[in-house]
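Participant: Contents of coords28.cif (mmCIF, C-alpha atoms) are given next:
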```cif
data_entry
loop_
_atom_site.label_atom_id
_atom_site.label_comp_id
_atom_site.auth_asym_id
_atom_site.auth_seq_id
_atom_site.Cartn_x
_atom_site.Cartn_y
_atom_site.Cartn_z
CA MET K 1 20.09 -37.68 17.31
CA ASN K 2 17.31 -35.53 18.70
CA ALA K 3 13.62 -36.40 18.92
CA GLU K 4 10.76 -34.45 20.50
CA ASP K 5 8.82 -37.58 21.53
CA TRP K 6 8.66 -41.34 21.04
CA ARG K 7 6.79 -41.04 17.72
CA GLU K 8 9.53 -38.90 16.20
CA ALA K 9 12.21 -41.23 17.62
CA VAL K 10 10.50 -44.29 16.11
CA ARG K 11 10.04 -42.59 12.73
CA LYS K 12 13.69 -41.50 12.62
CA ALA K 13 14.95 -44.95 13.60
CA ALA K 14 12.75 -46.69 11.00
CA SER K 15 13.56 -44.09 8.33
CA ALA K 16 17.17 -45.27 8.38
CA LEU K 17 15.88 -48.64 7.10
CA VAL K 18 13.99 -46.85 4.30
CA ASP K 19 17.13 -44.87 3.42
CA ALA K 20 19.11 -48.13 3.26
CA GLY K 21 16.57 -49.65 0.86
CA ALA K 22 15.54 -52.35 3.34
CA ALA K 23 12.03 -50.97 3.99
CA GLY K 24 9.33 -49.20 2.00
CA GLU K 25 8.26 -45.59 2.48
CA GLY K 26 5.34 -46.48 4.76
CA TYR K 27 7.42 -48.50 7.22
CA PRO K 28 8.15 -45.69 9.74
CA ASP K 29 4.43 -44.93 10.14
CA ALA K 30 3.69 -48.65 10.47
CA CYS K 31 6.22 -48.82 13.32
CA VAL K 32 4.47 -45.93 15.09
CA ARG K 33 1.10 -47.71 14.67
CA VAL K 34 2.54 -50.83 16.36
CA VAL K 35 3.05 -48.82 19.56
CA GLU K 36 -0.23 -46.88 19.22
CA GLU K 37 -2.20 -50.12 18.84
CA ASN K 38 -0.28 -52.42 21.20
CA GLY K 39 1.32 -50.14 23.77
CA PRO K 40 5.01 -49.75 24.61
CA TYR K 41 5.85 -53.47 24.60
CA ILE K 42 8.73 -52.67 22.20
CA VAL K 43 10.60 -51.13 25.16
CA LEU K 44 12.36 -54.39 26.01
CA THR K 45 14.83 -53.38 28.68
CA LYS K 46 15.86 -50.23 30.51
CA GLY K 47 16.22 -47.50 27.92
CA LEU K 48 15.99 -49.72 24.82
CA ALA K 49 13.20 -50.01 22.24
CA LEU K 50 13.04 -52.55 19.42
CA VAL K 51 11.35 -50.66 16.56
CA HIS K 52 9.59 -52.87 14.01
CA ALA K 53 6.40 -53.68 12.15
CA ARG K 54 5.13 -56.82 10.41
CA PRO K 55 7.04 -57.84 7.27
CA GLU K 56 4.02 -57.16 5.03
CA GLU K 57 3.98 -53.53 6.20
CA GLY K 58 7.07 -52.61 4.22
CA GLY K 59 9.92 -55.02 4.88
CA LEU K 60 11.85 -55.40 1.60
CA ALA K 61 15.01 -57.03 2.96
CA VAL K 62 16.59 -57.88 6.30
CA GLY K 63 17.69 -54.60 7.80
CA VAL K 64 18.84 -53.58 11.27
CA GLY K 65 19.80 -50.10 12.40
CA VAL K 66 20.62 -48.34 15.62
CA THR K 67 19.67 -44.84 16.76
CA ARG K 68 21.05 -43.26 19.91
CA LEU K 69 19.13 -40.25 21.23
CA ALA K 70 20.81 -37.18 22.68
CA ALA K 71 17.95 -36.90 25.19
CA PRO K 72 15.80 -39.90 26.16
CA VAL K 73 12.07 -40.02 25.37
CA GLU K 74 9.15 -41.54 27.27
CA PHE K 75 7.13 -44.33 25.69
CA GLY K 76 4.85 -44.85 28.67
CA HIS K 77 6.47 -48.12 29.74
CA PRO K 78 6.01 -48.68 33.49
CA ASP K 79 9.52 -50.05 34.11
CA ASN K 80 11.89 -49.35 31.22
CA ASP K 81 11.38 -45.66 30.35
CA PRO K 82 12.97 -43.39 29.33
CA VAL K 83 14.44 -44.70 26.07
CA ASP K 84 17.76 -43.51 24.66
CA LEU K 85 18.57 -46.41 22.32
CA LEU K 86 16.41 -47.67 19.47
CA LEU K 87 17.15 -50.78 17.44
CA ALA K 88 15.04 -50.75 14.28
CA PHE K 89 14.64 -53.81 12.10
CA CYS K 90 12.67 -55.03 9.15
CA THR K 91 12.42 -58.30 7.27
CA PRO K 92 10.75 -59.41 4.05
CA ASP K 93 9.01 -62.49 5.52
CA PRO K 94 7.95 -64.08 8.83
CA ASP K 95 10.82 -66.61 8.93
CA ALA K 96 13.45 -63.89 8.58
CA HIS K 97 11.52 -61.86 11.19
CA VAL K 98 11.86 -64.62 13.80
CA GLY K 99 15.52 -65.23 12.91
CA THR K 100 16.39 -61.55 13.15
CA LEU K 101 14.57 -61.23 16.47
CA SER K 102 16.42 -64.19 17.95
CA GLY K 103 19.77 -62.83 16.74
CA LEU K 104 19.02 -59.45 18.30
CA ALA K 105 17.91 -61.12 21.55
CA ARG K 106 21.17 -63.08 21.76
CA ALA K 107 23.23 -59.95 21.06
CA LEU K 108 21.31 -57.96 23.67
CA SER K 109 21.74 -60.64 26.31
CA ALA K 110 25.48 -60.55 25.54
CA GLY K 111 25.66 -56.84 26.40
CA LEU K 112 24.99 -55.18 23.04
CA ALA K 113 23.06 -52.23 24.53
CA ASP K 114 25.97 -51.22 26.78
CA ARG K 115 28.43 -51.47 23.87
CA LEU K 116 26.16 -49.31 21.70
CA ARG K 117 25.84 -46.69 24.43
CA ALA K 118 29.64 -46.62 24.72
CA ALA K 119 30.16 -46.17 20.96
CA SER K 120 31.91 -42.95 20.02
CA GLY K 121 29.84 -41.94 16.99
CA GLN K 122 27.61 -43.19 14.17
CA ASP K 123 30.40 -45.16 12.46
CA ASP K 124 31.29 -46.86 15.74
CA LEU K 125 27.58 -47.54 16.43
CA THR K 126 27.18 -49.18 13.03
CA ARG K 127 30.37 -51.23 13.38
CA THR K 128 29.37 -52.41 16.89
CA LEU K 129 25.94 -53.49 15.64
CA LYS K 130 27.37 -55.32 12.61
CA GLU K 131 29.91 -57.16 14.79
CA ALA K 132 27.19 -58.27 17.21
CA LEU K 133 24.80 -59.76 14.67
CA PRO K 134 25.28 -63.08 12.90
CA HIS K 135 26.04 -62.87 9.20
CA ASP K 136 24.11 -65.05 6.81
#
```
Would you mind giving the structure from this file in structure tokens?

Facilitator:
Amino acid sequence: MNAEDWREAVRKAASALVDAGAAGEGYPDACVRVVEENGPYIVLTKGLALVHARPEEGGLAVGVGVTRLAAPVEFGHPDNDPVDLLLAFCTPDPDAHVGTLSGLARALSAGLADRLRAASGQDDLTRTLKEALPHD
């Protein structure tokens, strides 16, 4: 996927959650505001951003999606720019938010980012993400 800058990348990543019915229409803009207000803390590791907003800003269900950029974008993070991989998630409530975050953290520490970068296309990306996350 192509994006001109981090804002477009975040909106595209979060829009996949809207398209899936997991987030409301305003969720992508809420995710951009998170970075505008709090800085690039969502850039967790080299090249990877965890796109999200608070549950009350549009989370309708638990949703997780992955976006791989054709060309990396800069978020302004001092150590982990540029970003080529965005994991977007939303949840309907704070408890699910914490649970989803911890599941993503475990998957990332087990090498999820490298497996996503090695995926051969969108179907493979989606399958890799689904296999890495715990099922409720």

Participant: Check what the PyMOL selection byres ((chain K and resi 53-65) around 8) selects in the file above and give those residues as a PDB file with C-alpha atoms, in the coordinates of the input.

Facilitator:
```pdb
ATOM      1  CA  ALA K  13      14.950 -44.950  13.600  1.00  0.00           C
ATOM      2  CA  ALA K  14      12.750 -46.690  11.000  1.00  0.00           C
ATOM      3  CA  ALA K  16      17.170 -45.270   8.380  1.00  0.00           C
ATOM      4  CA  LEU K  17      15.880 -48.640   7.100  1.00  0.00           C
ATOM      5  CA  GLY K  21      16.570 -49.650   0.860  1.00  0.00           C
ATOM      6  CA  ALA K  22      15.540 -52.350   3.340  1.00  0.00           C
ATOM      7  CA  ALA K  23      12.030 -50.970   3.990  1.00  0.00           C
ATOM      8  CA  GLY K  24       9.330 -49.200   2.000  1.00  0.00           C
ATOM      9  CA  GLU K  25       8.260 -45.590   2.480  1.00  0.00           C
ATOM     10  CA  GLY K  26       5.340 -46.480   4.760  1.00  0.00           C
ATOM     11  CA  TYR K  27       7.420 -48.500   7.220  1.00  0.00           C
ATOM     12  CA  ALA K  30       3.690 -48.650  10.470  1.00  0.00           C
ATOM     13  CA  CYS K  31       6.220 -48.820  13.320  1.00  0.00           C
ATOM     14  CA  VAL K  34       2.540 -50.830  16.360  1.00  0.00           C
ATOM     15  CA  VAL K  51      11.350 -50.660  16.560  1.00  0.00           C
ATOM     16  CA  HIS K  52       9.590 -52.870  14.010  1.00  0.00           C
ATOM     17  CA  VAL K  66      20.620 -48.340  15.620  1.00  0.00           C
ATOM     18  CA  THR K  67      19.670 -44.840  16.760  1.00  0.00           C
ATOM     19  CA  LEU K  87      17.150 -50.780  17.440  1.00  0.00           C
ATOM     20  CA  ALA K  88      15.040 -50.750  14.280  1.00  0.00           C
ATOM     21  CA  PHE K  89      14.640 -53.810  12.100  1.00  0.00           C
ATOM     22  CA  CYS K  90      12.670 -55.030   9.150  1.00  0.00           C
ATOM     23  CA  THR K  91      12.420 -58.300   7.270  1.00  0.00           C
ATOM     24  CA  PRO K  92      10.750 -59.410   4.050  1.00  0.00           C
ATOM     25  CA  ASP K  93       9.010 -62.490   5.520  1.00  0.00           C
ATOM     26  CA  PRO K  94       7.950 -64.080   8.830  1.00  0.00           C
ATOM     27  CA  ALA K  96      13.450 -63.890   8.580  1.00  0.00           C
ATOM     28  CA  HIS K  97      11.520 -61.860  11.190  1.00  0.00           C
ATOM     29  CA  THR K 100      16.390 -61.550  13.150  1.00  0.00           C
ATOM     30  CA  THR K 126      27.180 -49.180  13.030  1.00  0.00           C
ATOM     31  CA  LEU K 129      25.940 -53.490  15.640  1.00  0.00           C
TER      32      LEU K 129
END
```

Participant: Which is closest to Asp79 (chain K) among K:Ala105, K:Val43, K:Ala113, K:Glu37, if we use all atoms listed in the file?

Facilitator: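 For Asp79 (chain K), the nearest of the given residues is K:Val43.
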
Participant: To one decimal place, how far is CA of Leu133 (chain K) from CA of Met1 (chain K) in Å?

Facilitator: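 Computing it gives 22.7 Å between the two atoms.
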
Participant: Could you name the residues that touch Val73 (chain K) at 7 Å or less, counting all atoms listed in the file, but leaving out those on the same chain fewer than 6 positions away, as a list in words?

Facilitator: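 Here the answer would be Asp5, Trp6, Pro82, Val83 and Asp84 of chain K.
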
Participant: Take CA of Asp19 (chain K) and CA of Asn80 (chain K) and report the distance between them in Å, one decimal.

Facilitator: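 Separation between CA of Asp19 (chain K) and CA of Asn80 (chain K): 28.6 Å.
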
Participant: Find the distance between CA of Glu4 (chain K) and CA of Leu116 (chain K) and write it in Å to one decimal.

Facilitator: 21.4 Å

Participant: Check which residues satisfy the PyMOL selection byres ((chain K and resi 40) around 8) in the file shown, then give them as a ChimeraX atom specification.

Facilitator: /K:35,38-39,41-43,75-77

Participant: Could you write out that same residue set with C-alpha atoms as a PDB file, keeping the file's coordinate frame?

Facilitator:
```
ATOM      1  CA  VAL K  35       3.050 -48.820  19.560  1.00  0.00           C
ATOM      2  CA  ASN K  38      -0.280 -52.420  21.200  1.00  0.00           C
ATOM      3  CA  GLY K  39       1.320 -50.140  23.770  1.00  0.00           C
ATOM      4  CA  TYR K  41       5.850 -53.470  24.600  1.00  0.00           C
ATOM      5  CA  ILE K  42       8.730 -52.670  22.200  1.00  0.00           C
ATOM      6  CA  VAL K  43      10.600 -51.130  25.160  1.00  0.00           C
ATOM      7  CA  PHE K  75       7.130 -44.330  25.690  1.00  0.00           C
ATOM      8  CA  GLY K  76       4.850 -44.850  28.670  1.00  0.00           C
ATOM      9  CA  HIS K  77       6.470 -48.120  29.740  1.00  0.00           C
TER      10      HIS K  77
END
```

Participant: Hey, which of K:Ala9, K:Leu112, K:Ala3, K:Val32 ends up closest to Leu86 (chain K)? Count only C-alpha atoms.

Facilitator: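 Nearest candidate to Leu86 (chain K) out of K:Ala9, K:Leu112, K:Ala3, K:Val32: K:Ala9.
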